[in-house]
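Trainee: One structure coming up, written as structure tokens, with questions to follow.
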Amino acid sequence: MALQISATNPEHPALLLELPWHLPLEEWPDEYLVPLPRGISRHVVRYARAGDEVIAVKELAERPALREYELLRDLDRLGIPAVDPLAVVTGRVDADDAPLEPVLVTRHLGGSMPYRSMFETTMRPATMHRLMDALAVLLVRLHLAGFAWGDCSLSNTLFRRDAGAYAAYLVDAETGDLHAQLSSGQRDYDLDLARVNISGELLDLEASGALHPSVDPIEFGMEICARYGGLWQELTRRSVYPAGKYQYIERRIRRLNELGFDVAEMQIEHSSNGDTVTFVPKVVDAGHHQRQLLRLTGLDTEENQARRLLNDLESWMATQDDYAPGDPLAARPEVLAHRWVRDVFRPTVRAVPLELRGSMDAAEIYHQLLEHRWYLSERAQHDIGLDTAVDDYIKNILPKARETLQPSPTVD
């Protein structure tokens with residue numbers, strides 16, 4: 001049987017032909033290999049160079065190789081964070097014409113690390129919580145897309161830090177299955193496997209002395225269940241808000257923040273009976289909001305201010321007619337952010353008289369106005385609007401704040 005390379009991109013077979021397919025992966029010479037950290041796998045896996053690409057090559061039987069290749073392509077079409085499938089190579093034989101196992105070829109995820117490499121130096125518990133959050137986000141996104149993983153674990157995940165954000169990527173889809181929609185039982189099965197696998201992997205690290213002494217492997221295994229449950233409920237709870245009920249959307253964002261997640265994307269579908277809102281979560285690290293707000297708007301703020309302003313910016317962008325994430329013809333986020341600064345942020349701040357601002361900078365004023373709007377809207381049970389919030393803030397809040405800042409009279 002002749003060597004066959006099945007690939008969707010016509011460039012990939014040509015790049016792959018130079019590799020020593022007549023040798024078992026375990027025997028590939030160093031000249032073809034790239035020294036990158038590898039996770040634990042039930043199969044032989046090697047990193048190699050094909051042209052300018054760094055690829056991961058995994059030996060497995062033909063049927064599961066083709067099946068995993070198709071599943072990874074499906075996940076790519078669905079926009080799920082997973083490794084990028086490049087090809088399946090079959091018909092391999094050695095120098096004596098003895099058959100060799102087929103291989104699945106995927107693109108190496110740049111900047112990613114398997115979990116064991118991340119624990120080479122004792123990882124702080126706070127960082128471990130962030131990784132569990134990232135894995136919970138990945139599992140929720142898979143389940144929302146109808147993908148039952150069948151073997152969720154740290155070993156089958158790659159983690160990457162990109163511009164301050166932690167993200168988890170599926171690296172092994174061999175046991176997965178794609179459905180139109182998952183049942184509660186299928187989701188619970190995946191989640192129970194994740195709990196058992198993660199606890200077992202952390203117990204193994206504990207036995208090798210690579211785990212921080214304050215980390216309880218069983219508790220961390222349970223943590224992903226709690227994080228998953230809270231996030232699943234917050235994301236899948238279908239709510240139709242009456243048009244203009246901004247404070248209800250704000251309430252959902254706040255609950256996501258309290259769960260430790262941020263809104264990476266928000267979509268609002270307008271209909272005759274109200275607005276349906278869909279949220280996409282993201283796990284971020286310290287300083288992320290400052291950097292993102294500065295990049296989009298040029299506003300240099302503190303972290304909490306930036307988080308609040310970005311939430312408002314995202315909510316405002318979702319109401320714009322030319323906002324369509326993923327559409328190359330839609331307005332770019334930077335353009336919309338500039339419009340928000342010009343039409344919303346600056347006029348709102350300028351509405352507060354200079355003599356009443358005290359030592360507050362523009363970002364703090366806007367943050368305070370948003371908080372006041374939230375408070376008034378909650379009390380009124382409807383969105384009172386930013387203009388009303390500004391008027392009430394100037395009339396009832398700022399004078400009291402100035403009084404508290406006045407020095408006490410001297411008593412002789």
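If you're wondering about the labels, chains in the structure tokens are A, B, ... by order shown, residues count from 1 in each chain, ligands from 1 in order shown.
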Write out as an MDAnalysis selection string each polymer residue whose atoms come within 9 Å of stretch 205-222 of chain A, counting only C-alpha atoms; drop sequence neighbours fewer than 2 positions from it.
Mentor: chainID A and resid 116 119:125 128:129 132 194:203 224:227
Trainee: Give the strand (DSSP E or B) residues of stretch 8-192 of chain A, as DSSP finds them on the backbone, and put them as a ChimeraX atom specification.
Mentor: /A:33,45-50,53-59,82,84-90,93,99,103-107,112-114,147-148,157-162,165-170,177-178
Trainee: Taking 4 positions as the minimum chain separation for residues in the same chain, which residues sit within 12 Å of A:Ala380 when counting only C-alpha atoms? Answer as an NGL selection string.
Mentor: :A and (245 or 247 or 373-376 or 384-385 or 389)
Trainee: Convert the current residue selection to file output with N, CA and C atoms, as an mmCIF file, in the first residue's frame.
Mentor:
```cif
data_model
loop_
_atom_site.group_PDB
_atom_site.id
_atom_site.type_symbol
_atom_site.label_atom_id
_atom_site.label_comp_id
_atom_site.auth_asym_id
_atom_site.auth_seq_id
_atom_site.Cartn_x
_atom_site.Cartn_y
_atom_site.Cartn_z
ATOM 1 N N LYS A 245 -33.935 47.545 28.866
ATOM 2 C CA LYS A 245 -33.714 47.192 30.270
ATOM 3 C C LYS A 245 -32.226 46.919 30.496
ATOM 4 N N GLN A 247 -30.275 47.571 32.915
ATOM 5 C CA GLN A 247 -29.796 47.147 34.219
ATOM 6 C C GLN A 247 -29.853 45.631 34.376
ATOM 7 N N ARG A 373 -25.864 54.949 38.227
ATOM 8 C CA ARG A 373 -26.925 54.509 37.323
ATOM 9 C C ARG A 373 -27.418 53.127 37.719
ATOM 10 N N TRP A 374 -26.493 52.245 38.046
ATOM 11 C CA TRP A 374 -26.861 50.894 38.468
ATOM 12 C C TRP A 374 -27.726 50.940 39.725
ATOM 13 N N TYR A 375 -27.310 51.728 40.696
ATOM 14 C CA TYR A 375 -28.047 51.827 41.960
ATOM 15 C C TYR A 375 -29.459 52.363 41.723
ATOM 16 N N LEU A 376 -29.574 53.446 40.961
ATOM 17 C CA LEU A 376 -30.886 54.040 40.713
ATOM 18 C C LEU A 376 -31.782 53.100 39.894
ATOM 19 N N ILE A 384 -32.803 53.718 34.214
ATOM 20 C CA ILE A 384 -33.156 55.139 34.273
ATOM 21 C C ILE A 384 -32.389 55.968 33.248
ATOM 22 N N GLY A 385 -31.377 55.347 32.588
ATOM 23 C CA GLY A 385 -30.626 56.061 31.569
ATOM 24 C C GLY A 385 -29.458 56.841 32.155
ATOM 25 N N ALA A 389 -29.032 59.622 35.420
ATOM 26 C CA ALA A 389 -28.061 59.287 36.462
ATOM 27 C C ALA A 389 -27.080 60.431 36.676
#
```
Trainee: Mind checking which residues fall within 12 Å of stretch 308-310 of chain A, counting only C-alpha atoms, ignoring those fewer than 5 positions away in the same chain, and posting them as a PyMOL selection string?
Mentor: chain A and resi 250+253-254+257+262-266+288-297+299-303+315-317+333+337+340-341+344-345+362-371+374
Trainee: Just give me the gap between atom CA of A:Trp149 and atom CA of A:Ala173 in Å, one decimal is fine.
Mentor: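 So the two atoms, atom CA of A:Trp149 and atom CA of A:Ala173, lie 6.8 Å apart.
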